[in-house]
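Novice: This is my_file-v7.json (JSON, C-alpha atoms).
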[["chain", "number", "residue", "atom", "x", "y", "z"],
["A", 23, "MET", "CA", -271.99, -149.46, -29.24],
["A", 24, "ARG", "CA", -269.56, -147.11, -31.02],
["A", 25, "ILE", "CA", -266.26, -146.18, -29.40],
["A", 26, "VAL", "CA", -263.94, -143.72, -31.12],
["A", 27, "LEU", "CA", -260.24, -143.32, -30.39],
["A", 28, "THR", "CA", -259.27, -139.71, -30.90],
["A", 29, "GLY", "CA", -256.46, -137.27, -30.22],
["A", 30, "PRO", "CA", -253.31, -135.82, -31.74],
["A", 31, "GLU", "CA", -250.81, -137.72, -33.85],
["A", 32, "SER", "CA", -248.65, -140.41, -32.31],
["A", 33, "THR", "CA", -250.74, -140.98, -29.20],
["A", 34, "GLY", "CA", -251.39, -144.69, -29.71],
["A", 35, "LYS", "CA", -254.86, -144.51, -31.27],
["A", 36, "THR", "CA", -254.33, -147.19, -33.91],
["A", 37, "THR", "CA", -252.62, -149.59, -31.53],
["A", 38, "MET", "CA", -255.35, -149.09, -28.94],
["A", 39, "ALA", "CA", -258.15, -149.51, -31.50],
["A", 40, "GLU", "CA", -256.61, -152.77, -32.71],
["A", 41, "GLN", "CA", -256.10, -154.08, -29.15],
["A", 42, "LEU", "CA", -259.61, -153.18, -28.03],
["A", 43, "SER", "CA", -261.28, -154.66, -31.09],
["A", 44, "LEU", "CA", -259.40, -157.92, -30.52],
["A", 45, "TRP", "CA", -260.13, -157.96, -26.78],
["A", 46, "TYR", "CA", -263.86, -157.32, -27.20],
["A", 47, "LYS", "CA", -264.14, -159.16, -30.53],
["A", 48, "GLY", "CA", -265.60, -155.99, -32.05],
["A", 49, "ARG", "CA", -265.40, -154.49, -35.48],
["A", 50, "MET", "CA", -262.44, -152.14, -36.03],
["A", 51, "ILE", "CA", -262.81, -149.20, -38.39],
["A", 52, "PRO", "CA", -259.39, -147.93, -39.55],
["A", 53, "GLU", "CA", -258.40, -144.33, -40.12],
["A", 54, "PHE", "CA", -259.13, -143.66, -43.79],
["A", 55, "ALA", "CA", -256.80, -140.63, -43.89],
["A", 56, "ARG", "CA", -253.76, -142.90, -43.59],
["A", 57, "GLU", "CA", -254.70, -144.88, -46.70],
["A", 58, "TYR", "CA", -255.68, -141.74, -48.60],
["A", 59, "LEU", "CA", -252.55, -139.75, -47.72],
["A", 60, "THR", "CA", -250.16, -142.64, -48.28],
["A", 61, "ASN", "CA", -251.23, -142.63, -51.92],
["A", 62, "ARG", "CA", -250.41, -138.90, -52.05],
["A", 63, "GLU", "CA", -247.13, -139.10, -50.09],
["A", 64, "GLY", "CA", -248.65, -136.99, -47.30],
["A", 65, "ILE", "CA", -249.45, -133.99, -49.49],
["A", 66, "TYR", "CA", -252.98, -132.65, -49.06],
["A", 67, "ASN", "CA", -255.24, -129.65, -49.51],
["A", 68, "ILE", "CA", -258.63, -128.56, -48.18],
["A", 69, "GLN", "CA", -260.56, -130.71, -50.65],
["A", 70, "ASP", "CA", -258.56, -133.77, -49.58],
["A", 71, "VAL", "CA", -259.63, -133.22, -45.96],
["A", 72, "TYR", "CA", -263.27, -133.03, -47.08],
["A", 73, "ASN", "CA", -262.84, -136.20, -49.17],
["A", 74, "ILE", "CA", -261.31, -137.98, -46.18],
["A", 75, "SER", "CA", -264.06, -136.87, -43.79],
["A", 76, "ALA", "CA", -266.83, -137.94, -46.18],
["A", 77, "ARG", "CA", -265.31, -141.38, -46.67],
["A", 78, "GLN", "CA", -264.57, -141.86, -42.95],
["A", 79, "LEU", "CA", -268.22, -141.10, -42.11],
["A", 80, "GLN", "CA", -269.46, -143.38, -44.88],
["A", 81, "ILE", "CA", -267.31, -146.28, -43.68],
["A", 82, "SER", "CA", -268.42, -145.76, -40.08],
["A", 83, "LYS", "CA", -272.11, -145.74, -40.94],
["A", 84, "ASN", "CA", -271.93, -148.57, -43.47],
["A", 85, "GLU", "CA", -270.09, -150.88, -41.08],
["A", 86, "TYR", "CA", -272.22, -150.16, -38.01],
["A", 87, "HIS", "CA", -274.41, -153.11, -37.03],
["A", 88, "SER", "CA", -275.29, -152.29, -33.39],
["A", 89, "SER", "CA", -272.57, -154.56, -32.04],
["A", 90, "LEU", "CA", -269.33, -153.13, -30.69],
["A", 91, "GLN", "CA", -267.51, -150.94, -33.18],
["A", 92, "ILE", "CA", -264.09, -149.47, -32.37],
["A", 93, "GLU", "CA", -263.07, -146.59, -34.64],
["A", 94, "ASP", "CA", -259.55, -145.28, -35.13],
["A", 95, "THR", "CA", -260.78, -141.66, -35.55],
["A", 96, "ASP", "CA", -263.92, -139.93, -36.78],
["A", 97, "LEU", "CA", -265.08, -136.56, -38.08],
["A", 98, "LEU", "CA", -263.73, -134.73, -35.04],
["A", 99, "THR", "CA", -260.24, -135.15, -36.46],
["A", 100, "SER", "CA", -261.32, -133.65, -39.79],
["A", 101, "TYR", "CA", -263.03, -130.77, -38.00],
["A", 102, "ILE", "CA", -259.91, -129.96, -35.97],
["A", 103, "TRP", "CA", -257.66, -130.52, -38.99],
["A", 104, "LEU", "CA", -259.62, -128.01, -41.09],
["A", 105, "GLU", "CA", -259.61, -125.50, -38.26],
["A", 106, "ASP", "CA", -255.94, -125.92, -37.37],
["A", 107, "LYS", "CA", -254.45, -126.07, -40.87],
["A", 108, "PHE", "CA", -256.85, -123.91, -42.90],
["A", 109, "GLY", "CA", -258.74, -121.74, -40.38],
["A", 110, "ILE", "CA", -262.10, -123.32, -41.34],
["A", 111, "ARG", "CA", -264.76, -124.16, -38.74],
["A", 112, "ASP", "CA", -267.01, -126.31, -40.90],
["A", 113, "LYS", "CA", -270.64, -126.20, -39.75],
["A", 114, "GLN", "CA", -271.66, -129.21, -41.82],
["A", 115, "ILE", "CA", -268.98, -131.44, -40.33],
["A", 116, "TRP", "CA", -269.92, -130.18, -36.85],
["A", 117, "SER", "CA", -273.57, -130.97, -37.52],
["A", 118, "SER", "CA", -272.61, -134.48, -38.69],
["A", 119, "LEU", "CA", -270.58, -134.90, -35.50],
["A", 120, "GLU", "CA", -273.62, -134.00, -33.42],
["A", 121, "GLN", "CA", -275.84, -136.40, -35.35],
["A", 122, "TRP", "CA", -273.40, -139.35, -35.46],
["A", 123, "ARG", "CA", -271.93, -139.04, -31.98],
["A", 124, "PRO", "CA", -270.32, -142.21, -30.62],
["A", 125, "ASP", "CA", -271.26, -143.72, -27.28],
["A", 126, "LEU", "CA", -267.77, -142.97, -25.99],
["A", 127, "TYR", "CA", -264.67, -141.13, -27.10],
["A", 128, "LEU", "CA", -261.33, -142.27, -25.76],
["A", 129, "LEU", "CA", -259.07, -139.22, -25.98],
["A", 130, "CYS", "CA", -255.48, -140.46, -26.13],
["A", 131, "ALA", "CA", -253.08, -138.30, -24.11],
["A", 132, "THR", "CA", -249.74, -137.04, -25.41],
["A", 133, "ASP", "CA", -247.72, -138.89, -22.77],
["A", 134, "LEU", "CA", -246.32, -141.45, -25.23],
["A", 135, "PRO", "CA", -243.04, -140.76, -27.05],
["A", 136, "TRP", "CA", -243.34, -139.39, -30.58],
["A", 137, "GLN", "CA", -243.05, -142.07, -33.25],
["A", 138, "LYS", "CA", -241.64, -140.84, -36.54],
["A", 139, "ASP", "CA", -243.91, -141.45, -39.52],
["A", 140, "PRO", "CA", -243.84, -139.78, -42.96],
["A", 141, "LEU", "CA", -247.52, -138.77, -42.61],
["A", 142, "ARG", "CA", -247.08, -137.01, -39.25],
["A", 143, "GLU", "CA", -246.29, -133.33, -39.06],
["A", 144, "ASP", "CA", -247.05, -131.87, -35.62],
["A", 145, "GLN", "CA", -244.48, -133.36, -33.25],
["A", 146, "TRP", "CA", -243.96, -130.10, -31.36],
["A", 147, "ARG", "CA", -247.65, -129.11, -31.28],
["A", 148, "ARG", "CA", -249.23, -132.25, -29.83],
["A", 149, "ASN", "CA", -250.20, -130.58, -26.54],
["A", 150, "ILE", "CA", -251.78, -127.63, -28.35],
["A", 151, "ILE", "CA", -253.75, -129.96, -30.59],
["A", 152, "ALA", "CA", -254.72, -132.14, -27.60],
["A", 153, "GLN", "CA", -256.33, -129.05, -26.04],
["A", 154, "LYS", "CA", -258.32, -128.53, -29.24],
["A", 155, "TYR", "CA", -259.64, -132.08, -28.97],
["A", 156, "PHE", "CA", -260.52, -131.61, -25.31],
["A", 157, "LYS", "CA", -262.33, -128.30, -25.88],
["A", 158, "ASN", "CA", -264.23, -129.61, -28.89],
["A", 159, "LEU", "CA", -265.31, -132.76, -27.05],
["A", 160, "GLU", "CA", -266.64, -130.56, -24.26],
["A", 161, "ARG", "CA", -268.40, -128.31, -26.77],
["A", 162, "LEU", "CA", -269.90, -131.38, -28.43],
["A", 163, "THR", "CA", -271.08, -132.52, -24.98],
["A", 164, "ALA", "CA", -269.77, -135.94, -25.91],
["A", 165, "ARG", "CA", -269.05, -138.64, -23.38],
["A", 166, "PHE", "CA", -265.27, -138.96, -23.26],
["A", 167, "CYS", "CA", -262.41, -140.13, -21.08],
["A", 168, "VAL", "CA", -258.73, -139.30, -21.30],
["A", 169, "VAL", "CA", -256.54, -142.39, -21.65],
["A", 170, "GLU", "CA", -253.03, -141.99, -20.21],
["A", 171, "GLY", "CA", -250.11, -144.24, -19.37],
["A", 172, "SER", "CA", -248.19, -146.64, -21.51],
["A", 173, "GLY", "CA", -248.54, -150.22, -22.61],
["A", 174, "ARG", "CA", -250.74, -152.40, -20.44],
["A", 175, "GLN", "CA", -251.63, -149.51, -18.13],
["A", 176, "ARG", "CA", -253.08, -147.50, -21.01],
["A", 177, "PHE", "CA", -254.98, -150.51, -22.35],
["A", 178, "ASN", "CA", -256.42, -151.32, -18.90],
["A", 179, "LYS", "CA", -257.58, -147.72, -18.43],
["A", 180, "ALA", "CA", -259.36, -147.83, -21.78],
["A", 181, "ARG", "CA", -261.04, -151.10, -20.80],
["A", 182, "PHE", "CA", -262.06, -149.63, -17.44],
["A", 183, "PHE", "CA", -263.75, -146.68, -19.16],
["A", 184, "ILE", "CA", -265.55, -148.95, -21.61],
["A", 185, "GLU", "CA", -266.70, -151.37, -18.95],
["A", 186, "SER", "CA", -267.88, -148.49, -16.73],
["A", 187, "MET", "CA", -270.49, -147.64, -19.33]]
Would you give me this structure, written as structure tokens?
Specialist:
Amino acid sequence: MRIVLTGPESTGKTTMAEQLSLWYKGRMIPEFAREYLTNREGIYNIQDVYNISARQLQISKNEYHSSLQIEDTDLLTSYIWLEDKFGIRDKQIWSSLEQWRPDLYLLCATDLPWQKDPLREDQWRRNIIAQKYFKNLERLTARFCVVEGSGRQRFNKARFFIESM
């Protein structure tokens, strides 16, 4: 089973992915963009987004072994990133999303306080970007649930959605 944490910046995706992978003893796939952009001090261009999306997909597919896999993002983030920052709606990435759709997306809500990070840039646009995630998940006809709340409440909601499958 593949579960992907998704949503705007600073919504607890990494923390939740780590917690869930420990709880369920599943494999955790980190967000490759963080590693990639740290090496570039957060500066990127269109080609960088394509490089990130290709590597994220490769890691996801290479690590998948039919057991539980928790992913701290997937190609949906690259798709929205390209659209939001560069006005590109990439058909190839969309097609890959349709073909490598997870069993469940956990869309992390923007109800957590913003955490400053040198790689984050959209503090004041989180709700706008959250709507892009929501609309694209609907368009993808993906199975998804919105995870809200803080701390233990948020974690328990995520577990409830997973266990309801």
Novice: Write out as a PyMOL selection string each polymer residue whose atoms come within 10 Å of Arg165 of chain A, counting all atoms listed in the file; drop sequence neighbours fewer than 5 positions from it.
Specialist: chain A and resi 123-128+159-160+187
Novice: Need to verify the contact set: Gln145 of chain A, 9 Å, all atoms listed in the file, exclusion of same-chain residues closer than 5 positions in sequence. Can you return it as number ranges by chain?
Specialist: A: 31-32, 136-138
Novice: Would you mind reading off the distance between atom CA of Gln153 of chain A and atom CA of Leu79 of chain A, one decimal, in Å?
Specialist: 23.3 Å
Novice: What is the distance, in Å and to one decimal place, between atom CA of Lys157 of chain A and atom CA of Asp106 of chain A?
Specialist: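 Spanning atom CA of Lys157 of chain A to atom CA of Asp106 of chain A is a straight-line distance of 13.4 Å.
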Novice: Nearest to Met38 of chain A among A:Asn149, A:Ser186, A:Asn73, A:Asn178, with distances taken over all atoms listed in the file: which residue is it?
Specialist: A:Asn178
Novice: Kindly give the distance, in Å, that separates atom CA of Ser118 of chain A and atom CA of Arg176 of chain A, rounded to a single decimal.
Specialist: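 For atom CA of Ser118 of chain A relative to atom CA of Arg176 of chain A, the distance reads 29.4 Å.
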Novice: Restricting the calculation to all atoms listed in the file, which member of A:Ser75, A:Ser89, A:Ser82, A:Thr99 is positioned closest to Pro52 of chain A?
Specialist: A:Ser82
